[in-house]
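Dumped my_file.cif below, it's mmCIF, C-alpha atoms and all ligand atoms:
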```cif
data_coords
#
loop_
_atom_site.group_PDB
_atom_site.id
_atom_site.type_symbol
_atom_site.label_atom_id
_atom_site.label_comp_id
_atom_site.auth_asym_id
_atom_site.auth_seq_id
_atom_site.Cartn_x
_atom_site.Cartn_y
_atom_site.Cartn_z
ATOM 1 C CA MET A 1 0.000 0.000 0.000
ATOM 2 C CA VAL A 2 2.838 2.374 0.928
ATOM 3 C CA THR A 3 4.586 1.455 -2.353
ATOM 4 C CA THR A 4 1.421 2.310 -4.271
ATOM 5 C CA CYS A 5 1.068 5.648 -2.473
ATOM 6 C CA VAL A 6 4.703 6.565 -3.164
ATOM 7 C CA SER A 7 4.545 5.563 -6.833
ATOM 8 C CA VAL A 8 1.352 7.604 -7.353
ATOM 9 C CA GLY A 9 3.074 10.549 -5.660
ATOM 10 C CA THR A 10 6.195 10.220 -7.795
ATOM 11 C CA SER A 11 4.328 10.177 -11.133
ATOM 12 C CA PHE A 12 2.236 13.144 -10.018
ATOM 13 C CA TRP A 13 5.404 15.008 -9.002
ATOM 14 C CA GLY A 14 6.773 14.724 -12.517
ATOM 15 C CA ARG A 15 3.757 16.431 -14.074
ATOM 16 C CA TYR A 16 3.105 19.234 -11.574
ATOM 17 C CA SER A 17 5.935 21.304 -10.198
ATOM 18 C CA LYS A 18 4.349 24.424 -8.588
ATOM 19 C CA PRO A 19 5.218 24.397 -4.837
ATOM 20 C CA PHE A 20 1.670 25.148 -3.620
ATOM 21 C CA VAL A 21 0.184 22.417 -5.791
ATOM 22 C CA ARG A 22 2.890 19.995 -4.633
ATOM 23 C CA ARG A 23 2.344 20.791 -0.938
ATOM 24 C CA SER A 24 -1.430 20.451 -1.252
ATOM 25 C CA PHE A 25 -1.128 17.238 -3.165
ATOM 26 C CA PHE A 26 1.218 15.596 -0.695
ATOM 27 C CA PHE A 27 -0.913 16.726 2.238
ATOM 28 C CA LEU A 28 -3.914 15.005 0.636
ATOM 29 C CA LEU A 29 -1.802 11.968 -0.280
ATOM 30 C CA HIS A 30 -0.600 11.722 3.333
ATOM 31 C CA CYS A 31 -4.233 11.815 4.537
ATOM 32 C CA CYS A 32 -5.275 9.109 2.055
ATOM 33 C CA CYS A 33 -2.398 6.811 3.032
ATOM 34 C CA PHE A 34 -3.112 7.353 6.739
ATOM 35 C CA VAL A 35 -6.796 6.492 6.258
ATOM 36 C CA ALA A 36 -5.893 3.398 4.195
ATOM 37 C CA LEU A 37 -3.313 2.214 6.740
ATOM 38 C CA SER A 38 -5.733 2.804 9.627
ATOM 39 C CA HIS A 39 -8.315 0.751 7.801
ATOM 40 C CA SER A 40 -5.779 -2.047 7.314
ATOM 41 C CA ILE A 41 -4.795 -2.074 11.010
ATOM 42 C CA TYR A 42 -8.469 -1.962 11.999
ATOM 43 C CA ALA A 43 -9.190 -4.935 9.726
ATOM 44 C CA GLN A 44 -6.332 -6.922 11.256
ATOM 45 C CA GLU A 45 -7.597 -6.273 14.780
ATOM 46 C CA ASN A 46 -10.947 -7.633 13.731
ATOM 47 C CA ASP A 47 -9.650 -10.927 12.368
ATOM 48 C CA LEU A 48 -10.682 -12.419 15.690
ATOM 49 C CA LEU A 49 -14.460 -12.426 16.058
ATOM 50 C CA LEU A 50 -14.345 -14.079 19.483
ATOM 51 C CA ASN A 51 -11.626 -14.332 22.131
ATOM 52 C CA GLY A 52 -13.294 -16.480 24.762
ATOM 53 C CA ASN A 53 -10.563 -16.952 27.380
ATOM 54 C CA PHE A 54 -12.847 -16.501 30.467
ATOM 55 C CA GLU A 55 -10.359 -14.048 31.993
ATOM 56 C CA THR A 56 -13.263 -11.693 32.718
ATOM 57 C CA GLY A 57 -14.319 -14.205 35.353
ATOM 58 C CA ASP A 58 -17.763 -14.600 33.793
ATOM 59 C CA LEU A 59 -19.485 -15.519 30.521
ATOM 60 C CA SER A 60 -19.680 -11.951 29.169
ATOM 61 C CA GLN A 61 -17.390 -12.788 26.210
ATOM 62 C CA PHE A 62 -20.180 -14.956 24.848
ATOM 63 C CA GLY A 63 -23.611 -14.096 23.496
ATOM 64 C CA GLY A 64 -25.538 -16.364 25.831
ATOM 65 C CA SER A 65 -25.751 -19.769 27.436
ATOM 66 C CA GLU A 66 -28.077 -22.711 27.836
ATOM 67 C CA GLY A 67 -27.762 -24.281 31.245
ATOM 68 C CA LEU A 68 -28.241 -23.749 34.955
ATOM 69 C CA ASP A 69 -25.782 -21.528 36.793
ATOM 70 C CA GLU A 70 -24.401 -24.539 38.674
ATOM 71 C CA GLU A 71 -23.689 -26.269 35.348
ATOM 72 C CA LEU A 72 -21.503 -23.432 33.986
ATOM 73 C CA LEU A 73 -18.778 -22.545 36.483
ATOM 74 C CA ILE A 74 -15.693 -20.327 36.161
ATOM 75 C CA VAL A 75 -12.763 -22.140 37.792
ATOM 76 C CA ASN A 76 -9.069 -21.468 38.458
ATOM 77 C CA ASN A 77 -7.901 -25.051 38.034
ATOM 78 C CA PRO A 78 -7.365 -26.541 35.551
ATOM 79 C CA VAL A 79 -6.836 -23.647 33.127
ATOM 80 C CA ARG A 80 -5.269 -23.759 29.693
ATOM 81 C CA ILE A 81 -4.021 -20.153 29.828
ATOM 82 C CA GLY A 82 -4.418 -17.341 32.372
ATOM 83 C CA ARG A 83 -6.366 -17.583 35.593
ATOM 84 C CA SER A 84 -9.794 -18.819 34.471
ATOM 85 C CA ALA A 85 -11.449 -21.550 32.478
ATOM 86 C CA LEU A 86 -15.002 -22.884 32.291
ATOM 87 C CA LYS A 87 -16.102 -26.034 34.085
ATOM 88 C CA ILE A 88 -19.116 -27.656 32.475
ATOM 89 C CA ASN A 89 -21.040 -29.851 34.876
ATOM 90 C CA CYS A 90 -23.989 -31.208 32.914
ATOM 91 C CA LEU A 91 -26.589 -32.740 35.257
ATOM 92 C CA LYS A 92 -28.674 -35.757 34.340
ATOM 93 C CA SER A 93 -31.326 -34.556 36.783
ATOM 94 C CA ASP A 94 -32.077 -31.509 34.638
ATOM 95 C CA TYR A 95 -33.568 -32.598 31.329
ATOM 96 C CA SER A 96 -35.890 -29.853 30.243
ATOM 97 C CA THR A 97 -35.790 -26.919 32.621
ATOM 98 C CA LYS A 98 -32.439 -25.459 31.663
ATOM 99 C CA LYS A 99 -32.513 -21.734 31.108
ATOM 100 C CA GLY A 100 -33.007 -21.136 27.400
ATOM 101 C CA GLY A 101 -32.344 -24.733 26.475
ATOM 102 C CA ASN A 102 -33.784 -28.196 26.461
ATOM 103 C CA LYS A 103 -32.605 -31.793 26.725
ATOM 104 C CA TRP A 104 -29.375 -32.478 28.627
ATOM 105 C CA ARG A 105 -27.217 -29.542 27.760
ATOM 106 C CA ALA A 106 -24.940 -26.976 29.363
ATOM 107 C CA GLU A 107 -23.447 -24.766 26.673
ATOM 108 C CA ILE A 108 -22.159 -21.314 25.893
ATOM 109 C CA ILE A 109 -23.189 -19.638 22.635
ATOM 110 C CA ARG A 110 -21.769 -17.089 20.241
ATOM 111 C CA ASP A 111 -23.057 -15.798 16.882
ATOM 112 C CA GLY A 112 -20.912 -15.225 13.803
ATOM 113 C CA ALA A 113 -20.030 -18.760 12.695
ATOM 114 C CA GLY A 114 -21.366 -17.967 9.216
ATOM 115 C CA VAL A 115 -22.800 -15.039 7.272
ATOM 116 C CA ASP A 116 -26.384 -13.837 7.556
ATOM 117 C CA SER A 117 -26.806 -13.377 3.811
ATOM 118 C CA GLY A 118 -25.790 -17.031 3.271
ATOM 119 C CA ASN A 119 -23.151 -19.172 4.994
ATOM 120 C CA HIS A 120 -22.184 -20.869 1.731
ATOM 121 C CA ASN A 121 -18.609 -20.053 0.639
ATOM 122 C CA SER A 122 -17.754 -18.064 3.777
ATOM 123 C CA ILE A 123 -14.588 -18.971 5.689
ATOM 124 C CA ARG A 124 -14.254 -19.271 9.458
ATOM 125 C CA TRP A 125 -11.528 -20.291 11.927
ATOM 126 C CA PHE A 126 -12.519 -21.974 15.187
ATOM 127 C CA ALA A 127 -10.366 -22.904 18.178
ATOM 128 C CA LEU A 128 -10.912 -24.283 21.642
ATOM 129 C CA SER A 129 -9.034 -26.193 24.299
ATOM 130 C CA THR A 130 -10.756 -29.099 26.042
ATOM 131 C CA TYR A 131 -9.873 -31.090 29.178
ATOM 132 C CA LEU A 132 -11.440 -34.358 30.279
ATOM 133 C CA PRO A 133 -11.010 -35.180 33.983
ATOM 134 C CA MET A 134 -9.217 -38.394 34.955
ATOM 135 C CA ASP A 135 -12.467 -39.916 36.231
ATOM 136 C CA TRP A 136 -14.211 -39.468 32.864
ATOM 137 C CA GLN A 137 -16.098 -42.679 32.061
ATOM 138 C CA ASN A 138 -16.556 -43.913 28.526
ATOM 139 C CA ASP A 139 -20.168 -43.822 27.346
ATOM 140 C CA SER A 140 -21.669 -45.077 24.108
ATOM 141 C CA TYR A 141 -24.266 -42.305 24.430
ATOM 142 C CA SER A 142 -22.367 -39.450 22.788
ATOM 143 C CA ASP A 143 -21.442 -36.108 24.344
ATOM 144 C CA ILE A 144 -21.158 -33.210 21.882
ATOM 145 C CA ILE A 145 -18.619 -30.736 23.265
ATOM 146 C CA PHE A 146 -18.385 -28.271 20.353
ATOM 147 C CA GLN A 147 -20.782 -27.576 17.524
ATOM 148 C CA ILE A 148 -21.598 -25.072 14.828
ATOM 149 C CA HIS A 149 -25.351 -24.860 14.797
ATOM 150 C CA GLU A 150 -27.613 -24.040 11.865
ATOM 151 C CA ARG A 151 -30.558 -21.658 11.719
ATOM 152 C CA PRO A 152 -33.295 -23.099 9.502
ATOM 153 C CA SER A 153 -34.925 -21.297 6.596
ATOM 154 C CA ASP A 154 -38.656 -20.569 6.868
ATOM 155 C CA CYS A 155 -39.513 -23.752 4.938
ATOM 156 C CA GLU A 156 -37.733 -26.156 7.291
ATOM 157 C CA THR A 157 -37.208 -27.285 10.856
ATOM 158 C CA TRP A 158 -34.171 -27.208 13.187
ATOM 159 C CA ARG A 159 -31.648 -29.873 12.239
ATOM 160 C CA SER A 160 -28.584 -31.522 13.729
ATOM 161 C CA PRO A 161 -25.459 -29.337 13.503
ATOM 162 C CA PRO A 162 -23.454 -29.275 10.249
ATOM 163 C CA LEU A 163 -20.135 -29.470 12.181
ATOM 164 C CA TYR A 164 -19.643 -31.020 15.613
ATOM 165 C CA LEU A 165 -16.986 -32.568 17.845
ATOM 166 C CA ARG A 166 -18.312 -35.432 19.892
ATOM 167 C CA ILE A 167 -16.995 -37.933 22.388
ATOM 168 C CA ASN A 168 -18.210 -41.459 21.813
ATOM 169 C CA ASN A 169 -16.852 -44.267 23.997
ATOM 170 C CA ASP A 170 -13.058 -43.965 23.757
ATOM 171 C CA LYS A 171 -12.987 -41.721 20.665
ATOM 172 C CA MET A 172 -13.214 -38.000 19.916
ATOM 173 C CA GLN A 173 -14.715 -37.495 16.488
ATOM 174 C CA LEU A 174 -15.320 -34.527 14.219
ATOM 175 C CA ASN A 175 -18.411 -34.864 12.026
ATOM 176 C CA VAL A 176 -20.087 -32.973 9.195
ATOM 177 C CA ARG A 177 -23.604 -32.987 7.769
ATOM 178 C CA TRP A 178 -24.763 -31.351 4.567
ATOM 179 C CA ASP A 179 -27.794 -30.808 2.347
ATOM 180 C CA ALA A 180 -27.825 -28.875 -0.932
ATOM 181 C CA LYS A 181 -31.625 -28.634 -1.026
ATOM 182 C CA GLU A 182 -32.962 -25.193 -0.225
ATOM 183 C CA CYS A 183 -35.582 -26.783 1.993
ATOM 184 C CA SER A 184 -34.315 -29.803 3.928
ATOM 185 C CA ASP A 185 -36.685 -32.681 4.573
ATOM 186 C CA GLY A 186 -37.100 -32.692 8.348
ATOM 187 C CA ASN A 187 -33.821 -33.490 10.082
ATOM 188 C CA LYS A 188 -32.649 -35.662 7.192
ATOM 189 C CA ALA A 189 -29.301 -34.644 5.768
ATOM 190 C CA GLU A 190 -28.249 -35.422 2.224
ATOM 191 C CA GLY A 191 -25.033 -36.771 3.680
ATOM 192 C CA THR A 192 -23.009 -37.173 6.862
ATOM 193 C CA ALA A 193 -19.380 -38.043 7.497
ATOM 194 C CA THR A 194 -16.952 -38.583 10.344
ATOM 195 C CA ILE A 195 -13.983 -36.602 9.095
ATOM 196 C CA TYR A 196 -11.549 -37.111 11.995
ATOM 197 C CA SER A 197 -11.268 -39.600 14.841
ATOM 198 C CA THR A 198 -8.725 -39.816 17.657
ATOM 199 C CA PRO A 199 -8.514 -41.637 21.029
ATOM 200 C CA ILE A 200 -9.735 -39.674 24.051
ATOM 201 C CA VAL A 201 -7.122 -38.287 26.409
ATOM 202 C CA LYS A 202 -7.844 -37.702 30.101
ATOM 203 C CA GLY A 203 -6.109 -35.335 32.494
ATOM 204 C CA ARG A 204 -4.553 -32.914 30.017
ATOM 205 C CA TRP A 205 -5.566 -30.099 27.716
ATOM 206 C CA ILE A 206 -6.126 -30.703 24.010
ATOM 207 C CA ASP A 207 -5.899 -27.722 21.629
ATOM 208 C CA TRP A 208 -8.244 -27.855 18.641
ATOM 209 C CA VAL A 209 -8.263 -25.630 15.563
ATOM 210 C CA PHE A 210 -10.600 -25.946 12.598
ATOM 211 C CA LYS A 211 -10.520 -23.821 9.447
ATOM 212 C CA VAL A 212 -13.719 -24.238 7.462
ATOM 213 C CA ARG A 213 -14.893 -23.141 4.054
ATOM 214 C CA TRP A 214 -18.628 -23.699 4.163
ATOM 215 C CA ASP A 215 -20.082 -25.310 1.039
ATOM 216 C CA TYR A 216 -23.129 -27.549 0.642
ATOM 217 C CA ARG A 217 -22.242 -28.813 -2.850
ATOM 218 C CA LYS A 218 -20.774 -32.256 -3.445
ATOM 219 C CA ASP A 219 -18.575 -30.900 -6.221
ATOM 220 C CA GLY A 220 -17.936 -27.582 -4.484
ATOM 221 C CA GLU A 221 -14.978 -26.070 -2.654
ATOM 222 C CA GLY A 222 -15.855 -26.991 0.920
ATOM 223 C CA TYR A 223 -13.153 -28.148 3.308
ATOM 224 C CA VAL A 224 -12.277 -28.529 6.981
ATOM 225 C CA GLU A 225 -8.642 -28.172 7.974
ATOM 226 C CA ILE A 226 -7.891 -29.736 11.353
ATOM 227 C CA TRP A 227 -5.133 -29.190 13.906
ATOM 228 C CA GLN A 228 -4.889 -31.117 17.165
ATOM 229 C CA ASP A 229 -2.209 -30.113 19.666
ATOM 230 C CA ASN A 230 -0.452 -27.879 17.142
ATOM 231 C CA ILE A 231 -0.146 -30.689 14.586
ATOM 232 C CA LYS A 232 -1.915 -30.492 11.236
ATOM 233 C CA ARG A 233 -4.147 -33.498 10.606
ATOM 234 C CA PRO A 234 -5.576 -34.721 7.272
ATOM 235 C CA THR A 235 -7.835 -32.169 5.602
ATOM 236 C CA TYR A 236 -11.426 -33.062 4.740
ATOM 237 C CA GLN A 237 -12.511 -31.843 1.332
ATOM 238 C CA GLY A 238 -16.217 -32.008 0.591
ATOM 239 C CA PRO A 239 -19.625 -30.626 1.521
ATOM 240 C CA ASN A 240 -20.054 -29.460 5.109
ATOM 241 C CA CYS A 241 -23.209 -27.363 5.588
ATOM 242 C CA TYR A 242 -26.877 -26.865 4.757
ATOM 243 C CA ASN A 243 -28.284 -24.585 2.077
ATOM 244 C CA ASP A 244 -29.367 -21.905 4.550
ATOM 245 C CA LYS A 245 -29.302 -18.122 4.469
ATOM 246 C CA LYS A 246 -29.338 -17.461 8.198
ATOM 247 C CA GLU A 247 -26.057 -17.132 10.061
ATOM 248 C CA MET A 248 -24.829 -20.170 11.967
ATOM 249 C CA TYR A 249 -23.613 -19.924 15.576
ATOM 250 C CA LEU A 250 -21.032 -21.546 17.807
ATOM 251 C CA LYS A 251 -21.786 -23.654 20.895
ATOM 252 C CA ALA A 252 -19.356 -25.243 23.360
ATOM 253 C CA GLY A 253 -19.956 -27.266 26.496
ATOM 254 C CA ILE A 254 -21.862 -30.530 26.796
ATOM 255 C CA TYR A 255 -24.906 -31.694 24.893
ATOM 256 C CA LYS A 256 -25.852 -35.235 25.803
ATOM 257 C CA ILE A 257 -27.840 -36.378 22.810
ATOM 258 C CA ASN A 258 -29.630 -39.626 23.470
ATOM 259 C CA GLY A 259 -29.082 -40.813 27.006
ATOM 260 C CA TRP A 260 -26.669 -41.738 29.790
ATOM 261 C CA LYS A 261 -24.678 -44.800 30.687
ATOM 262 C CA GLU A 262 -26.195 -46.443 33.742
ATOM 263 C CA GLY A 263 -24.762 -45.054 36.946
ATOM 264 C CA LEU A 264 -23.694 -41.664 35.541
ATOM 265 C CA THR A 265 -25.431 -38.665 37.120
ATOM 266 C CA ASN A 266 -23.337 -35.828 35.681
ATOM 267 C CA ARG A 267 -20.714 -35.100 33.030
ATOM 268 C CA VAL A 268 -17.732 -32.768 33.577
ATOM 269 C CA VAL A 269 -15.489 -31.210 30.948
ATOM 270 C CA TYR A 270 -13.332 -28.062 31.107
ATOM 271 C CA ILE A 271 -12.910 -25.613 28.233
ATOM 272 C CA ASP A 272 -10.740 -22.545 27.643
ATOM 273 C CA GLU A 273 -9.477 -20.378 24.762
ATOM 274 C CA VAL A 274 -12.647 -20.571 22.669
ATOM 275 C CA LYS A 275 -11.959 -18.464 19.589
ATOM 276 C CA MET A 276 -13.413 -17.633 16.214
ATOM 277 C CA GLY A 277 -11.763 -15.836 13.287
ATOM 278 C CA ASN A 278 -12.896 -14.592 9.908
ATOM 279 C CA GLU A 279 -11.376 -15.248 6.477
ATOM 280 C CA THR A 280 -8.383 -12.933 7.077
ATOM 281 C CA CYS A 281 -7.402 -14.761 10.263
ATOM 282 C CA ASN A 282 -4.692 -17.435 10.240
ATOM 283 C CA TYR A 283 -3.367 -20.198 12.484
ATOM 284 C CA LYS A 284 -0.861 -18.000 14.263
ATOM 285 C CA LYS A 285 -3.409 -15.298 15.025
ATOM 286 C CA ILE A 286 -5.938 -17.701 16.480
ATOM 287 C CA MET A 287 -3.299 -19.608 18.494
ATOM 288 C CA THR A 288 -1.526 -16.667 20.105
ATOM 289 C CA HIS A 289 -1.154 -18.635 23.342
ATOM 290 C CA ILE A 290 0.939 -21.310 21.590
ATOM 291 C CA THR A 291 4.488 -20.018 21.345
ATOM 292 C CA ASP A 292 5.487 -22.304 18.489
ATOM 293 C CA ALA A 293 2.276 -21.811 16.479
ATOM 294 C CA ARG A 294 3.014 -21.924 12.780
ATOM 295 C CA GLN A 295 1.506 -19.784 10.065
HETATM 296 CA CA CA B 301 -8.380 -18.766 30.356
HETATM 297 CA CA CA B 302 -32.233 -24.634 3.882
#
```
Rewrite the structure from the file as structure tokens, please.
Ligand SMILES: [Ca+2]
Ligand SMILES: [Ca+2]
Amino acid sequence: MVTTCVSVGTSFWGRYSKPFVRRSFFFLLHCCCFVALSHSIYAQENDLLLNGNFETGDLSQFGGSEGLDEELLIVNNPVRIGRSALKINCLKSDYSTKKGGNKWRAEIIRDGAGVDSGNHNSIRWFALSTYLPMDWQNDSYSDIIFQIHERPSDCETWRSPPLYLRINNDKMQLNVRWDAKECSDGNKAEGTATIYSTPIVKGRWIDWVFKVRWDYRKDGEGYVEIWQDNIKRPTYQGPNCYNDKKEMYLKAGIYKINGWKEGLTNRVVYIDEVKMGNETCNYKKIMTHITDARQ
């Protein structure tokens, strides 16, 4: 940008030599360059749409929550970075009375995971750190701990999320659902896929990063790039969303879909560093807390 400004100034200089004209021109040029540079810096600062590190000591970094107060607790140990993280304590005893929610869920929410004029073709970065306690018990009834949720068009109903990270027995799995039809048929997706699977780890933090280009077409340009613990994993290329206009939103916490293993009365997971970036973000910007984060 500076090069462009200087080259414009130089060519102008050659044609006009009166001092007053030159001074006026360069004053205006200086103003234009300053405005352009300010805009560039402003844009960079806004690469990060969400910086959910819980260091405020509350949930104010998020747009809302679904869960009882005792299910969403700020704690000082364990934390991924700083002094605070979020302890999710999803209670089996509370099925349908959760504030703003239903079923077994305790989640925080934030808008901006897509674009309100159509999610298709938009790019988003997502990051979060998760921690399973040592006494975590495997359960064949899945726990969804991170999801990008859809908002249905007027002609359709709410559907299962197009992108979600779930724990199932001894695996953590990332899944996608898609449907190119403008009006989906109930909660039926045109297709679903498990795009990444890894063994669960207890008693330590796991850092997740996902870069997504939303696309509902089978022959489109959709992809999900995946990093776990600062290591790039195989990229999924294929459809990954519904044909919806309304902006998707991010949820993190616990959503127990179908039931509970006998004997379990609650589910605990810790989360920290929940982040979201737009198309001008990159790995390094979203993983500022990782000192060896690569570009
Ligand atoms: Ca924190
Ligand atoms: Ca639709």
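For Ala85 (chain A), the list of residues within 12 Å, based on all atoms listed in the file and with local chain neighbours fewer than 6 positions off taken out, reads Gly52, Asn53, Phe54, Glu55, Thr56, Gly57, Asp58, Leu59, Leu72, Leu73, Ile74, Val75, Asn76, Asn77, Pro78, Val79, Leu128, Ser129, Thr130, Tyr131, Trp205, Gly253, Val269, Tyr270, Ile271, Asp272, Glu273 and Val274 of chain A.
Taking CA of Asp139 (chain A) and CA of Gly263 (chain A) as the two end points, the separation is 10.7 Å.
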Legend entry - Residues within 7 Å of Val209 (chain A), all atoms listed in the file, excluding chain neighbours under 3 positions, as a list in words: Phe126, Ala127, Leu128, Ile226, Trp227 and Gln228 of chain A
Please dump the current selection as a PDB file, in the frame of the given file; keep C-alpha atoms.
```
ATOM      1  CA  PHE A 126     -12.519 -21.974  15.187  1.00  0.00           C
ATOM      2  CA  ALA A 127     -10.366 -22.904  18.178  1.00  0.00           C
ATOM      3  CA  LEU A 128     -10.912 -24.283  21.642  1.00  0.00           C
ATOM      4  CA  ILE A 226      -7.891 -29.736  11.353  1.00  0.00           C
ATOM      5  CA  TRP A 227      -5.133 -29.190  13.906  1.00  0.00           C
ATOM      6  CA  GLN A 228      -4.889 -31.117  17.165  1.00  0.00           C
TER       7      GLN A 228
END
```
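On the file presented, the PyMOL selection byres (((chain A and resi 133) around 6) and not hetatm) picks out Leu132, Met134, Asp135, Trp136, Lys202 and Gly203 of chain A.
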Inset, instruction - Kindly provide, as a PyMOL selection string, all nucleotide and amino acid residues lying within 8 Å of ligand CA 302 (chain B), counting all atoms listed in the file. - result: chain A and resi 152-153+155-156+179-184+242-245
Just write the chosen residues, C-alpha atoms, as an mmCIF file, keeping the file's coordinate frame.
```
data_model
loop_
_atom_site.group_PDB
_atom_site.id
_atom_site.type_symbol
_atom_site.label_atom_id
_atom_site.label_comp_id
_atom_site.auth_asym_id
_atom_site.auth_seq_id
_atom_site.Cartn_x
_atom_site.Cartn_y
_atom_site.Cartn_z
ATOM 1 C CA PRO A 152 -33.295 -23.099 9.502
ATOM 2 C CA SER A 153 -34.925 -21.297 6.596
ATOM 3 C CA CYS A 155 -39.513 -23.752 4.938
ATOM 4 C CA GLU A 156 -37.733 -26.156 7.291
ATOM 5 C CA ASP A 179 -27.794 -30.808 2.347
ATOM 6 C CA ALA A 180 -27.825 -28.875 -0.932
ATOM 7 C CA LYS A 181 -31.625 -28.634 -1.026
ATOM 8 C CA GLU A 182 -32.962 -25.193 -0.225
ATOM 9 C CA CYS A 183 -35.582 -26.783 1.993
ATOM 10 C CA SER A 184 -34.315 -29.803 3.928
ATOM 11 C CA TYR A 242 -26.877 -26.865 4.757
ATOM 12 C CA ASN A 243 -28.284 -24.585 2.077
ATOM 13 C CA ASP A 244 -29.367 -21.905 4.550
ATOM 14 C CA LYS A 245 -29.302 -18.122 4.469
#
```
Inset, instruction - Would you list the contacts of Val268 (chain A) as a PyMOL selection string, taking every protein, DNA or RNA residue within 7 Å and counting all atoms listed in the file, but skipping same-chain residues closer than 2 positions in sequence? - result: chain A and resi 87-90+266+270
Inset, instruction - Calculate how many Å separate CA of Arg213 (chain A) from CA of Val201 (chain A), rounding to one decimal. - result: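 CA of Val201 (chain A) lies at a distance of 28.1 Å from CA of Arg213 (chain A).
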Inset, instruction - Given the file shown, enumerate the residues that the PyMOL selection byres (((chain A and resi 230-237) around 9) and not hetatm) captures and present them as a PyMOL selection string. - result: chain A and resi 195-196+207-209+221-229+238-240+287+290+292-294
Inset, instruction - One decimal, Å: what's the distance from CA of Gly100 (chain A) over to CA of Ile81 (chain A), could you say? - result: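 Distance reported for this atom pair: 29.1 Å.
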Inset, instruction - Identify all residues satisfying the PyMOL selection byres (((chain A and resi 197) around 6) and not hetatm) in the given file; provide them as a list in words. - result: Met172, Gln173, Tyr196 and Thr198 of chain A
